[in-house]
Amino acid sequence: MKITEWRTLVDQGRYSSSSAFQRVEQDIRAAVTDVVWPPGSDRFTIHPESGKKRGEGNGVVPIKKSFADSLEQRGWELERRAPKTEGIEQKVVKGSRPGAFDGHLSVPGNDPLPFAVEWETGNISSSHRAINRIGLGMKVGYLSGG
């Protein structure tokens, strides 16, 4: 797979020109490129079967797994939840706690806050939830971006 367009929606403090973000972008671009189908191929081929039976269709799980595995090999943590701290809990609606991020990168040293990534496959509701989780993490000061 490939990224055909990359848009920065918020760039507070020139984060997009930092060395931390350069690593984030390089890792994400490489992880997307690593998504191939069928496994072992050098490209992504769409198989429009239902995918309900083992081995048919592309399916969300094997595509996301390939992306996630690539990030993990680059030092990202998978399925990490936002920390349960007083500052975040106070700003989250009572009874609500965001789900885990598909990928989470804490850059060592004096670099900015962690960066999160979500893999979405077309369901607009889950895409909204992912964007809201990332936006909340930025708003409460847990994430530098996503």
# chains A, B, ... in the order shown; residues from 1 in each chain; ligands from 1
>>> residues_around(residues="segment 10-19 of chain A", least_positions_apart="5", cutoff="10 Å", atoms="only C-alpha atoms", output="PyMOL selection string")
chain A and resi 24-25+107+111-112+144-145
>>> atom_distance(atom1="atom CA of Phe101 of chain A", atom2="atom CA of Pro83 of chain A")
11.5 Å
